[in-house]
file final00.cif (mmCIF, N, CA and C atoms)
data_run
loop_
_atom_site.label_atom_id
_atom_site.label_comp_id
_atom_site.auth_asym_id
_atom_site.auth_seq_id
_atom_site.Cartn_x
_atom_site.Cartn_y
_atom_site.Cartn_z
N MET A 25 15.28 -24.51 3.02
CA MET A 25 14.83 -23.15 2.80
C MET A 25 13.54 -23.17 1.98
N ALA A 26 12.60 -22.33 2.35
CA ALA A 26 11.31 -22.26 1.66
C ALA A 26 11.47 -21.64 0.28
N GLU A 27 10.59 -22.04 -0.59
CA GLU A 27 10.54 -21.46 -1.92
C GLU A 27 10.13 -20.00 -1.80
N THR A 28 10.64 -19.15 -2.67
CA THR A 28 10.34 -17.72 -2.58
C THR A 28 9.91 -17.16 -3.93
N THR A 29 9.33 -15.98 -3.85
CA THR A 29 9.00 -15.20 -5.03
C THR A 29 9.64 -13.82 -4.86
N GLN A 30 10.08 -13.22 -5.93
CA GLN A 30 10.71 -11.91 -5.85
C GLN A 30 9.63 -10.84 -5.69
N PHE A 31 9.76 -9.98 -4.68
CA PHE A 31 8.81 -8.89 -4.48
C PHE A 31 9.52 -7.57 -4.70
N GLU A 32 8.91 -6.72 -5.52
CA GLU A 32 9.45 -5.39 -5.77
C GLU A 32 8.35 -4.36 -5.59
N LEU A 33 8.69 -3.28 -4.90
CA LEU A 33 7.78 -2.16 -4.68
C LEU A 33 8.42 -0.94 -5.31
N VAL A 34 7.70 -0.35 -6.26
CA VAL A 34 8.22 0.78 -7.01
C VAL A 34 7.28 1.97 -6.84
N SER A 35 7.85 3.13 -6.52
CA SER A 35 7.07 4.36 -6.45
C SER A 35 7.39 5.17 -7.69
N PRO A 36 6.70 6.28 -7.90
CA PRO A 36 7.03 7.11 -9.07
C PRO A 36 8.48 7.60 -9.07
N GLU A 37 9.07 7.70 -7.87
CA GLU A 37 10.43 8.23 -7.76
C GLU A 37 11.53 7.18 -7.91
N LYS A 38 11.29 5.96 -7.32
CA LYS A 38 12.38 4.99 -7.28
C LYS A 38 11.90 3.61 -6.86
N LEU A 39 12.81 2.65 -6.94
CA LEU A 39 12.59 1.30 -6.41
C LEU A 39 12.73 1.39 -4.90
N LEU A 40 11.66 1.06 -4.17
CA LEU A 40 11.65 1.19 -2.71
C LEU A 40 12.03 -0.10 -2.00
N TYR A 41 11.73 -1.23 -2.62
CA TYR A 41 11.93 -2.51 -1.93
C TYR A 41 12.12 -3.59 -2.97
N SER A 42 13.08 -4.46 -2.76
CA SER A 42 13.30 -5.58 -3.66
C SER A 42 13.93 -6.72 -2.86
N GLU A 43 13.14 -7.76 -2.59
CA GLU A 43 13.60 -8.90 -1.79
C GLU A 43 12.84 -10.15 -2.20
N ALA A 44 13.45 -11.29 -1.95
CA ALA A 44 12.75 -12.56 -2.10
C ALA A 44 11.87 -12.75 -0.87
N ALA A 45 10.64 -13.21 -1.06
CA ALA A 45 9.71 -13.40 0.04
C ALA A 45 9.01 -14.75 -0.11
N GLU A 46 8.65 -15.33 1.03
CA GLU A 46 7.88 -16.58 0.99
C GLU A 46 6.47 -16.32 0.51
N MET A 47 5.90 -15.19 0.94
CA MET A 47 4.56 -14.80 0.53
C MET A 47 4.42 -13.30 0.68
N VAL A 48 3.60 -12.72 -0.18
CA VAL A 48 3.28 -11.30 -0.10
C VAL A 48 1.76 -11.19 -0.13
N VAL A 49 1.19 -10.43 0.81
CA VAL A 49 -0.26 -10.21 0.84
C VAL A 49 -0.49 -8.75 0.45
N VAL A 50 -1.33 -8.57 -0.58
CA VAL A 50 -1.50 -7.26 -1.23
C VAL A 50 -2.96 -6.82 -1.16
N PRO A 51 -3.22 -5.50 -0.93
CA PRO A 51 -4.60 -5.00 -0.83
C PRO A 51 -5.22 -4.69 -2.20
N GLY A 52 -5.73 -5.70 -2.87
CA GLY A 52 -6.37 -5.50 -4.17
C GLY A 52 -7.74 -4.86 -4.03
N THR A 53 -8.25 -4.30 -5.10
CA THR A 53 -9.57 -3.66 -5.05
C THR A 53 -10.69 -4.67 -4.82
N GLU A 54 -10.45 -5.93 -5.15
CA GLU A 54 -11.44 -6.98 -4.92
C GLU A 54 -11.21 -7.68 -3.59
N GLY A 55 -10.26 -7.19 -2.81
CA GLY A 55 -9.92 -7.78 -1.53
C GLY A 55 -8.44 -8.12 -1.48
N TYR A 56 -7.96 -8.39 -0.29
CA TYR A 56 -6.55 -8.76 -0.13
C TYR A 56 -6.30 -10.11 -0.81
N PHE A 57 -5.12 -10.26 -1.42
CA PHE A 57 -4.76 -11.54 -2.02
C PHE A 57 -3.31 -11.86 -1.70
N GLY A 58 -3.05 -13.15 -1.54
CA GLY A 58 -1.71 -13.62 -1.24
C GLY A 58 -1.01 -14.09 -2.49
N VAL A 59 0.28 -13.79 -2.57
CA VAL A 59 1.10 -14.22 -3.70
C VAL A 59 2.17 -15.16 -3.18
N LEU A 60 2.15 -16.36 -3.68
CA LEU A 60 3.12 -17.39 -3.35
C LEU A 60 3.95 -17.72 -4.58
N PRO A 61 5.07 -18.42 -4.43
CA PRO A 61 5.82 -18.86 -5.60
C PRO A 61 4.92 -19.66 -6.55
N ARG A 62 5.15 -19.49 -7.84
CA ARG A 62 4.40 -20.16 -8.90
C ARG A 62 2.93 -19.72 -8.97
N HIS A 63 2.66 -18.49 -8.55
CA HIS A 63 1.30 -17.94 -8.60
C HIS A 63 0.89 -17.76 -10.06
N ALA A 64 -0.38 -17.88 -10.33
CA ALA A 64 -0.89 -17.63 -11.68
C ALA A 64 -0.70 -16.16 -12.03
N PRO A 65 -0.33 -15.86 -13.26
CA PRO A 65 -0.14 -14.47 -13.66
C PRO A 65 -1.45 -13.67 -13.54
N MET A 66 -1.32 -12.43 -13.07
CA MET A 66 -2.49 -11.56 -12.94
C MET A 66 -2.04 -10.12 -12.76
N ILE A 67 -2.98 -9.21 -12.98
CA ILE A 67 -2.78 -7.79 -12.72
C ILE A 67 -3.98 -7.32 -11.92
N SER A 68 -3.73 -6.48 -10.91
CA SER A 68 -4.80 -5.98 -10.07
C SER A 68 -4.55 -4.52 -9.72
N THR A 69 -5.62 -3.75 -9.60
CA THR A 69 -5.50 -2.42 -9.03
C THR A 69 -5.50 -2.57 -7.51
N LEU A 70 -4.94 -1.58 -6.83
CA LEU A 70 -4.81 -1.65 -5.37
C LEU A 70 -5.64 -0.57 -4.69
N GLU A 71 -6.14 -0.92 -3.52
CA GLU A 71 -6.81 0.01 -2.62
C GLU A 71 -5.79 0.49 -1.59
N PRO A 72 -6.04 1.61 -0.94
CA PRO A 72 -5.17 1.97 0.18
C PRO A 72 -5.19 0.86 1.22
N GLY A 73 -4.02 0.40 1.62
CA GLY A 73 -3.94 -0.68 2.59
C GLY A 73 -2.50 -1.11 2.82
N VAL A 74 -2.34 -2.22 3.50
CA VAL A 74 -1.02 -2.67 3.93
C VAL A 74 -0.60 -3.92 3.16
N ILE A 75 0.64 -3.90 2.70
CA ILE A 75 1.27 -5.07 2.10
C ILE A 75 2.05 -5.77 3.21
N ASP A 76 1.77 -7.05 3.41
CA ASP A 76 2.51 -7.85 4.38
C ASP A 76 3.51 -8.72 3.62
N ILE A 77 4.77 -8.64 4.01
CA ILE A 77 5.83 -9.41 3.38
C ILE A 77 6.25 -10.49 4.37
N HIS A 78 6.06 -11.75 3.99
CA HIS A 78 6.34 -12.88 4.87
C HIS A 78 7.72 -13.46 4.59
N GLN A 79 8.48 -13.65 5.68
CA GLN A 79 9.79 -14.28 5.64
C GLN A 79 9.86 -15.26 6.82
N ASN A 80 10.42 -16.41 6.63
CA ASN A 80 10.63 -17.37 7.72
C ASN A 80 9.35 -17.66 8.50
N GLY A 81 8.24 -17.77 7.80
CA GLY A 81 6.99 -18.16 8.42
C GLY A 81 6.22 -17.07 9.14
N SER A 82 6.67 -15.82 9.09
CA SER A 82 5.92 -14.74 9.74
C SER A 82 6.07 -13.43 8.95
N VAL A 83 5.29 -12.43 9.35
CA VAL A 83 5.34 -11.14 8.66
C VAL A 83 6.64 -10.44 9.07
N ALA A 84 7.48 -10.17 8.08
CA ALA A 84 8.77 -9.53 8.33
C ALA A 84 8.71 -8.02 8.12
N GLU A 85 7.82 -7.57 7.25
CA GLU A 85 7.72 -6.14 6.94
C GLU A 85 6.29 -5.82 6.57
N ARG A 86 5.83 -4.64 6.99
CA ARG A 86 4.49 -4.15 6.63
C ARG A 86 4.66 -2.78 6.00
N ILE A 87 4.11 -2.62 4.80
CA ILE A 87 4.25 -1.37 4.06
C ILE A 87 2.87 -0.88 3.64
N PHE A 88 2.55 0.37 3.97
CA PHE A 88 1.28 0.97 3.57
C PHE A 88 1.42 1.53 2.16
N VAL A 89 0.44 1.23 1.30
CA VAL A 89 0.39 1.82 -0.03
C VAL A 89 -0.93 2.58 -0.18
N ALA A 90 -0.86 3.72 -0.86
CA ALA A 90 -2.04 4.55 -1.04
C ALA A 90 -2.90 4.09 -2.22
N GLY A 91 -2.40 3.17 -3.00
CA GLY A 91 -3.08 2.67 -4.18
C GLY A 91 -2.04 2.35 -5.24
N GLY A 92 -2.48 1.91 -6.38
CA GLY A 92 -1.57 1.59 -7.47
C GLY A 92 -1.98 0.32 -8.19
N PHE A 93 -0.98 -0.43 -8.65
CA PHE A 93 -1.21 -1.65 -9.41
C PHE A 93 -0.24 -2.73 -8.94
N ALA A 94 -0.67 -3.98 -9.07
CA ALA A 94 0.20 -5.12 -8.81
C ALA A 94 0.21 -6.01 -10.04
N GLU A 95 1.40 -6.43 -10.41
CA GLU A 95 1.55 -7.40 -11.49
C GLU A 95 2.20 -8.64 -10.89
N VAL A 96 1.57 -9.78 -11.09
CA VAL A 96 2.06 -11.03 -10.53
C VAL A 96 2.40 -11.98 -11.68
N THR A 97 3.58 -12.61 -11.57
CA THR A 97 3.96 -13.68 -12.50
C THR A 97 4.30 -14.90 -11.64
N GLU A 98 4.71 -15.96 -12.26
CA GLU A 98 5.07 -17.17 -11.51
C GLU A 98 6.26 -16.95 -10.58
N THR A 99 7.11 -15.99 -10.89
CA THR A 99 8.34 -15.79 -10.12
C THR A 99 8.45 -14.44 -9.44
N ARG A 100 7.47 -13.54 -9.66
CA ARG A 100 7.64 -12.17 -9.18
C ARG A 100 6.29 -11.51 -8.88
N CYS A 101 6.32 -10.61 -7.89
CA CYS A 101 5.19 -9.72 -7.62
C CYS A 101 5.74 -8.31 -7.61
N THR A 102 5.28 -7.50 -8.55
CA THR A 102 5.73 -6.11 -8.64
C THR A 102 4.56 -5.20 -8.33
N VAL A 103 4.76 -4.31 -7.37
CA VAL A 103 3.73 -3.33 -7.01
C VAL A 103 4.22 -1.96 -7.45
N LEU A 104 3.39 -1.29 -8.23
CA LEU A 104 3.63 0.09 -8.63
C LEU A 104 2.71 0.94 -7.76
N ALA A 105 3.27 1.60 -6.76
CA ALA A 105 2.47 2.31 -5.77
C ALA A 105 2.51 3.81 -6.02
N GLU A 106 1.35 4.44 -5.83
CA GLU A 106 1.27 5.90 -5.92
C GLU A 106 2.09 6.53 -4.80
N GLU A 107 2.06 5.88 -3.64
CA GLU A 107 2.74 6.37 -2.45
C GLU A 107 2.91 5.17 -1.52
N ALA A 108 4.05 5.08 -0.84
CA ALA A 108 4.29 3.95 0.07
C ALA A 108 5.08 4.42 1.29
N GLN A 109 4.75 3.80 2.44
CA GLN A 109 5.44 4.12 3.69
C GLN A 109 5.60 2.84 4.50
N ILE A 110 6.78 2.62 5.05
CA ILE A 110 6.97 1.49 5.94
C ILE A 110 6.16 1.78 7.20
N LEU A 111 5.30 0.86 7.55
CA LEU A 111 4.29 1.11 8.58
C LEU A 111 4.88 1.46 9.94
N ASN A 112 5.97 0.81 10.34
CA ASN A 112 6.51 1.11 11.67
C ASN A 112 7.27 2.44 11.73
N GLN A 113 7.35 3.15 10.61
CA GLN A 113 7.99 4.47 10.57
C GLN A 113 6.97 5.60 10.48
N VAL A 114 5.69 5.27 10.51
CA VAL A 114 4.64 6.29 10.38
C VAL A 114 4.40 6.95 11.74
N ASP A 115 4.35 8.27 11.74
CA ASP A 115 4.06 9.06 12.93
C ASP A 115 2.54 9.28 13.00
N SER A 116 1.87 8.55 13.89
CA SER A 116 0.41 8.63 13.95
C SER A 116 -0.07 10.03 14.35
N ALA A 117 0.69 10.76 15.16
CA ALA A 117 0.30 12.12 15.53
C ALA A 117 0.29 13.03 14.30
N LYS A 118 1.26 12.84 13.41
CA LYS A 118 1.30 13.64 12.18
C LYS A 118 0.13 13.28 11.27
N VAL A 119 -0.19 12.01 11.19
CA VAL A 119 -1.34 11.59 10.39
C VAL A 119 -2.61 12.22 10.93
N ASP A 120 -2.79 12.22 12.26
CA ASP A 120 -3.97 12.85 12.87
C ASP A 120 -4.02 14.35 12.57
N ALA A 121 -2.88 15.02 12.65
CA ALA A 121 -2.82 16.46 12.36
C ALA A 121 -3.15 16.73 10.89
N ASP A 122 -2.60 15.90 10.00
CA ASP A 122 -2.88 16.06 8.57
C ASP A 122 -4.37 15.85 8.27
N LEU A 123 -4.97 14.86 8.94
CA LEU A 123 -6.40 14.62 8.75
C LEU A 123 -7.22 15.82 9.22
N ALA A 124 -6.87 16.38 10.36
CA ALA A 124 -7.59 17.56 10.87
C ALA A 124 -7.47 18.72 9.90
N ASP A 125 -6.28 18.93 9.36
CA ASP A 125 -6.07 20.02 8.39
C ASP A 125 -6.90 19.79 7.13
N LEU A 126 -6.91 18.56 6.64
CA LEU A 126 -7.68 18.25 5.43
C LEU A 126 -9.18 18.43 5.65
N ARG A 127 -9.65 18.06 6.82
CA ARG A 127 -11.08 18.26 7.11
C ARG A 127 -11.44 19.73 7.15
N ASP A 128 -10.53 20.56 7.66
CA ASP A 128 -10.74 22.02 7.62
C ASP A 128 -10.72 22.51 6.17
N ASP A 129 -9.76 22.00 5.39
CA ASP A 129 -9.67 22.39 3.97
C ASP A 129 -10.94 22.00 3.22
N LEU A 130 -11.51 20.85 3.57
CA LEU A 130 -12.73 20.38 2.90
C LEU A 130 -13.88 21.36 3.10
N LYS A 131 -13.99 21.92 4.29
CA LYS A 131 -15.04 22.91 4.57
C LYS A 131 -14.89 24.15 3.72
N ASP A 132 -13.64 24.49 3.37
CA ASP A 132 -13.36 25.71 2.61
C ASP A 132 -13.22 25.47 1.11
N ALA A 133 -13.37 24.23 0.65
CA ALA A 133 -13.18 23.91 -0.77
C ALA A 133 -14.20 24.68 -1.62
N LYS A 134 -13.71 25.26 -2.70
CA LYS A 134 -14.55 26.10 -3.55
C LYS A 134 -15.17 25.36 -4.72
N THR A 135 -14.47 24.32 -5.22
CA THR A 135 -14.97 23.62 -6.40
C THR A 135 -15.17 22.14 -6.10
N ASP A 136 -15.95 21.49 -6.94
CA ASP A 136 -16.17 20.05 -6.80
C ASP A 136 -14.85 19.28 -6.95
N LEU A 137 -14.01 19.75 -7.86
CA LEU A 137 -12.72 19.09 -8.08
C LEU A 137 -11.85 19.18 -6.83
N ASP A 138 -11.81 20.35 -6.20
CA ASP A 138 -11.05 20.50 -4.96
C ASP A 138 -11.59 19.59 -3.88
N ARG A 139 -12.92 19.54 -3.74
CA ARG A 139 -13.54 18.67 -2.74
C ARG A 139 -13.18 17.21 -2.99
N GLU A 140 -13.25 16.80 -4.25
CA GLU A 140 -12.96 15.41 -4.59
C GLU A 140 -11.52 15.04 -4.25
N ARG A 141 -10.58 15.92 -4.58
CA ARG A 141 -9.16 15.65 -4.28
C ARG A 141 -8.92 15.56 -2.78
N ILE A 142 -9.54 16.46 -2.03
CA ILE A 142 -9.37 16.44 -0.57
C ILE A 142 -10.01 15.18 0.01
N GLU A 143 -11.19 14.81 -0.46
CA GLU A 143 -11.86 13.59 0.03
C GLU A 143 -11.02 12.35 -0.26
N GLN A 144 -10.40 12.29 -1.43
CA GLN A 144 -9.54 11.15 -1.78
C GLN A 144 -8.35 11.08 -0.82
N ARG A 145 -7.76 12.22 -0.53
CA ARG A 145 -6.61 12.24 0.39
C ARG A 145 -7.03 11.85 1.81
N ILE A 146 -8.22 12.30 2.21
CA ILE A 146 -8.74 11.91 3.53
C ILE A 146 -8.92 10.40 3.60
N THR A 147 -9.46 9.81 2.54
CA THR A 147 -9.65 8.35 2.50
C THR A 147 -8.33 7.62 2.68
N VAL A 148 -7.28 8.08 2.01
CA VAL A 148 -5.97 7.45 2.12
C VAL A 148 -5.43 7.60 3.54
N LEU A 149 -5.52 8.80 4.09
CA LEU A 149 -4.98 9.00 5.44
C LEU A 149 -5.78 8.26 6.50
N GLU A 150 -7.09 8.12 6.30
CA GLU A 150 -7.89 7.32 7.24
C GLU A 150 -7.47 5.86 7.19
N ALA A 151 -7.17 5.35 6.00
CA ALA A 151 -6.71 3.97 5.87
C ALA A 151 -5.33 3.82 6.53
N LEU A 152 -4.47 4.81 6.37
CA LEU A 152 -3.15 4.77 7.00
C LEU A 152 -3.30 4.80 8.52
N ARG A 153 -4.17 5.66 9.01
CA ARG A 153 -4.40 5.77 10.47
C ARG A 153 -4.92 4.45 11.03
N ALA A 154 -5.83 3.82 10.32
CA ALA A 154 -6.38 2.53 10.76
C ALA A 154 -5.28 1.46 10.76
N ALA A 155 -4.40 1.50 9.80
CA ALA A 155 -3.31 0.52 9.71
C ALA A 155 -2.30 0.69 10.85
N VAL A 156 -2.06 1.93 11.22
CA VAL A 156 -1.11 2.20 12.30
C VAL A 156 -1.70 1.78 13.63
N GLY A 157 -3.03 1.91 13.77
CA GLY A 157 -3.70 1.48 15.00
C GLY A 157 -3.88 2.57 16.02
#

call {"tool": "encode", "arguments": {"input": "final00.cif", "output": "structure tokens"}}
result
Amino acid sequence: MAETTQFELVSPEKLLYSEAAEMVVVPGTEGYFGVLPRHAPMISTLEPGVIDIHQNGSVAERIFVAGGFAEVTETRCTVLAEEAQILNQVDSAKVDADLADLRDDLKDAKTDLDRERIEQRITVLEALRAAVG
């Protein structure tokens, strides 16, 4: 059996995922990085993107995160995500509809703060749409 590292994904509401994995690939702000057993300790902020969880030599699960933080130790990778969705459960038609609604909302935004929040949400949904394919 291959050596593993414990992977945990936590949202503001609850623990979403907790399993031993051979490798976890995480979307850091400096680029994607892989976490293997005995990885050097580090902390990274996350960009919207997909976490790939490797089991038995291949990707076993793909989870989209909207951003957050990752903490890596020699035995564990913990991701604190702002929002997370299992990729194969995402409804691409709903994502497209939400993007269209947000683009309409952007045209009607009254303040810079409203525009910024809508633009941030559009960025996340565009990354989710690209991940779904």

call {"tool": "atom_distance", "arguments": {"input": "final00.cif", "atom1": "atom CA of A:Ile87", "atom2": "atom C of A:Pro61"}}
result
21.2 Å

call {"tool": "resolve_selection", "arguments": {"input": "final00.cif", "expression": "the PyMOL selection byres ((chain A and resi 46) around 6.5)", "output": "list in words"}}
result
Ala26, Glu27, Thr28, Thr29, Ala44, Ala45, Met47, Val48, Val59, Leu60, Pro61, Ile77, His78, Gln79 and Asn80 of chain A

call {"tool": "write_last_selection", "arguments": {"input": "final00.cif", "atoms": "N, CA and C atoms", "output": "PDB file, in the coordinates of the input"}}
result
ATOM      1  N   ALA A  26      12.600 -22.330   2.350  1.00  0.00           N
ATOM      2  CA  ALA A  26      11.310 -22.260   1.660  1.00  0.00           C
ATOM      3  C   ALA A  26      11.470 -21.640   0.280  1.00  0.00           C
ATOM      4  N   GLU A  27      10.590 -22.040  -0.590  1.00  0.00           N
ATOM      5  CA  GLU A  27      10.540 -21.460  -1.920  1.00  0.00           C
ATOM      6  C   GLU A  27      10.130 -20.000  -1.800  1.00  0.00           C
ATOM      7  N   THR A  28      10.640 -19.150  -2.670  1.00  0.00           N
ATOM      8  CA  THR A  28      10.340 -17.720  -2.580  1.00  0.00           C
ATOM      9  C   THR A  28       9.910 -17.160  -3.930  1.00  0.00           C
ATOM     10  N   THR A  29       9.330 -15.980  -3.850  1.00  0.00           N
ATOM     11  CA  THR A  29       9.000 -15.200  -5.030  1.00  0.00           C
ATOM     12  C   THR A  29       9.640 -13.820  -4.860  1.00  0.00           C
ATOM     13  N   ALA A  44      13.450 -11.290  -1.950  1.00  0.00           N
ATOM     14  CA  ALA A  44      12.750 -12.560  -2.100  1.00  0.00           C
ATOM     15  C   ALA A  44      11.870 -12.750  -0.870  1.00  0.00           C
ATOM     16  N   ALA A  45      10.640 -13.210  -1.060  1.00  0.00           N
ATOM     17  CA  ALA A  45       9.710 -13.400   0.040  1.00  0.00           C
ATOM     18  C   ALA A  45       9.010 -14.750  -0.110  1.00  0.00           C
ATOM     19  N   MET A  47       5.900 -15.190   0.940  1.00  0.00           N
ATOM     20  CA  MET A  47       4.560 -14.800   0.530  1.00  0.00           C
ATOM     21  C   MET A  47       4.420 -13.300   0.680  1.00  0.00           C
ATOM     22  N   VAL A  48       3.600 -12.720  -0.180  1.00  0.00           N
ATOM     23  CA  VAL A  48       3.280 -11.300  -0.100  1.00  0.00           C
ATOM     24  C   VAL A  48       1.760 -11.190  -0.130  1.00  0.00           C
ATOM     25  N   VAL A  59       0.280 -13.790  -2.570  1.00  0.00           N
ATOM     26  CA  VAL A  59       1.100 -14.220  -3.700  1.00  0.00           C
ATOM     27  C   VAL A  59       2.170 -15.160  -3.180  1.00  0.00           C
ATOM     28  N   LEU A  60       2.150 -16.360  -3.680  1.00  0.00           N
ATOM     29  CA  LEU A  60       3.120 -17.390  -3.350  1.00  0.00           C
ATOM     30  C   LEU A  60       3.950 -17.720  -4.580  1.00  0.00           C
ATOM     31  N   PRO A  61       5.070 -18.420  -4.430  1.00  0.00           N
ATOM     32  CA  PRO A  61       5.820 -18.860  -5.600  1.00  0.00           C
ATOM     33  C   PRO A  61       4.920 -19.660  -6.550  1.00  0.00           C
ATOM     34  N   ILE A  77       4.770  -8.640   4.010  1.00  0.00           N
ATOM     35  CA  ILE A  77       5.830  -9.410   3.380  1.00  0.00           C
ATOM     36  C   ILE A  77       6.250 -10.490   4.370  1.00  0.00           C
ATOM     37  N   HIS A  78       6.060 -11.750   3.990  1.00  0.00           N
ATOM     38  CA  HIS A  78       6.340 -12.880   4.870  1.00  0.00           C
ATOM     39  C   HIS A  78       7.720 -13.460   4.590  1.00  0.00           C
ATOM     40  N   GLN A  79       8.480 -13.650   5.680  1.00  0.00           N
ATOM     41  CA  GLN A  79       9.790 -14.280   5.640  1.00  0.00           C
ATOM     42  C   GLN A  79       9.860 -15.260   6.820  1.00  0.00           C
ATOM     43  N   ASN A  80      10.420 -16.410   6.630  1.00  0.00           N
ATOM     44  CA  ASN A  80      10.630 -17.370   7.720  1.00  0.00           C
ATOM     45  C   ASN A  80       9.350 -17.660   8.500  1.00  0.00           C
TER      46      ASN A  80
END

call {"tool": "select_by_dssp", "arguments": {"input": "final00.cif", "residues": "stretch 27-146 of chain A", "states": "strand (DSSP E or B)", "output": "PyMOL selection string"}}
result
chain A and resi 29-34+39-45+47-52+55-59+66-70+73-79+82-89+92-96+100-105+108-110

call {"tool": "residues_around", "arguments": {"input": "final00.cif", "residues": "A:Gly55", "least_positions_apart": "4", "cutoff": "10 Å", "atoms": "only C-alpha atoms", "output": "list of chain:residue names"}}
result
A:Val50, A:Pro51, A:Leu70, A:Glu71

call {"tool": "closest_residue", "arguments": {"input": "final00.cif", "among": "A:Phe88, A:Pro65, A:Asp115, A:Val49", "to": "A:Ala151", "atoms": "all atoms listed in the file"}}
result
A:Phe88

call {"tool": "closest_residue", "arguments": {"input": "final00.cif", "among": "A:Leu137, A:Ala64, A:Val148, A:Val83", "to": "A:Arg100", "atoms": "only C-alpha atoms"}}
result
A:Ala64

call {"tool": "select_by_dssp", "arguments": {"input": "final00.cif", "residues": "chain A", "states": "helix (DSSP H, G or I)", "output": "JSON, numbers by chain"}}
result
{"A": [111, 112, 113, 116, 117, 118, 119, 120, 121, 122, 123, 124, 125, 126, 127, 128, 129, 130, 131, 132, 136, 137, 138, 139, 140, 141, 142, 143, 144, 145, 146, 147, 148, 149, 150, 151, 152, 153, 154, 155, 156]}

call {"tool": "atom_distance", "arguments": {"input": "final00.cif", "atom1": "atom N of A:Leu33", "atom2": "atom C of A:Cys101"}}
result
6.4 Å

call {"tool": "atom_distance", "arguments": {"input": "final00.cif", "atom1": "atom C of A:Gly92", "atom2": "atom CA of A:Glu32"}}
result
13.0 Å

call {"tool": "resolve_selection", "arguments": {"input": "final00.cif", "expression": "the PyMOL selection byres ((chain A and resi 155) around 8)", "output": "PyMOL selection string"}}
result
chain A and resi 73-74+88+111+149-154+156-157

call {"tool": "closest_residue", "arguments": {"input": "final00.cif", "among": "A:Asp129, A:Asp136, A:Glu37, A:Glu85", "to": "A:Asn112", "atoms": "only N, CA and C atoms"}}
result
A:Glu85

call {"tool": "decode", "arguments": {"input": "final00.cif", "residues": "stretch 42-54 of chain A", "atoms": "N, CA and C atoms", "output": "compact mmCIF listing (two decimals), in the first residue's frame"}}
result
# COMPACT_ATOMS: atom_id res chain seq x y z
N SER A 42 -12.68 14.21 4.56
CA SER A 42 -11.55 13.80 5.38
C SER A 42 -11.18 12.37 4.99
N GLU A 43 -10.05 12.22 4.30
CA GLU A 43 -9.60 10.91 3.83
C GLU A 43 -8.08 10.91 3.71
N ALA A 44 -7.51 9.72 3.78
CA ALA A 44 -6.10 9.56 3.47
C ALA A 44 -5.95 9.55 1.96
N ALA A 45 -4.94 10.24 1.44
CA ALA A 45 -4.72 10.33 -0.01
C ALA A 45 -3.24 10.12 -0.31
N GLU A 46 -2.98 9.56 -1.49
CA GLU A 46 -1.59 9.41 -1.92
C GLU A 46 -0.99 10.76 -2.26
N MET A 47 -1.80 11.62 -2.88
CA MET A 47 -1.36 12.96 -3.24
C MET A 47 -2.58 13.85 -3.37
N VAL A 48 -2.39 15.13 -3.06
CA VAL A 48 -3.44 16.13 -3.25
C VAL A 48 -2.81 17.27 -4.03
N VAL A 49 -3.49 17.72 -5.09
CA VAL A 49 -3.02 18.85 -5.89
C VAL A 49 -3.98 20.01 -5.63
N VAL A 50 -3.40 21.14 -5.20
CA VAL A 50 -4.17 22.27 -4.69
C VAL A 50 -3.89 23.53 -5.51
N PRO A 51 -4.93 24.36 -5.79
CA PRO A 51 -4.74 25.58 -6.58
C PRO A 51 -4.24 26.78 -5.75
N GLY A 52 -2.95 26.84 -5.51
CA GLY A 52 -2.38 27.95 -4.75
C GLY A 52 -2.32 29.23 -5.58
N THR A 53 -2.19 30.36 -4.92
CA THR A 53 -2.13 31.63 -5.65
C THR A 53 -0.86 31.75 -6.48
N GLU A 54 0.18 31.01 -6.13
CA GLU A 54 1.42 31.01 -6.90
C GLU A 54 1.44 29.89 -7.93
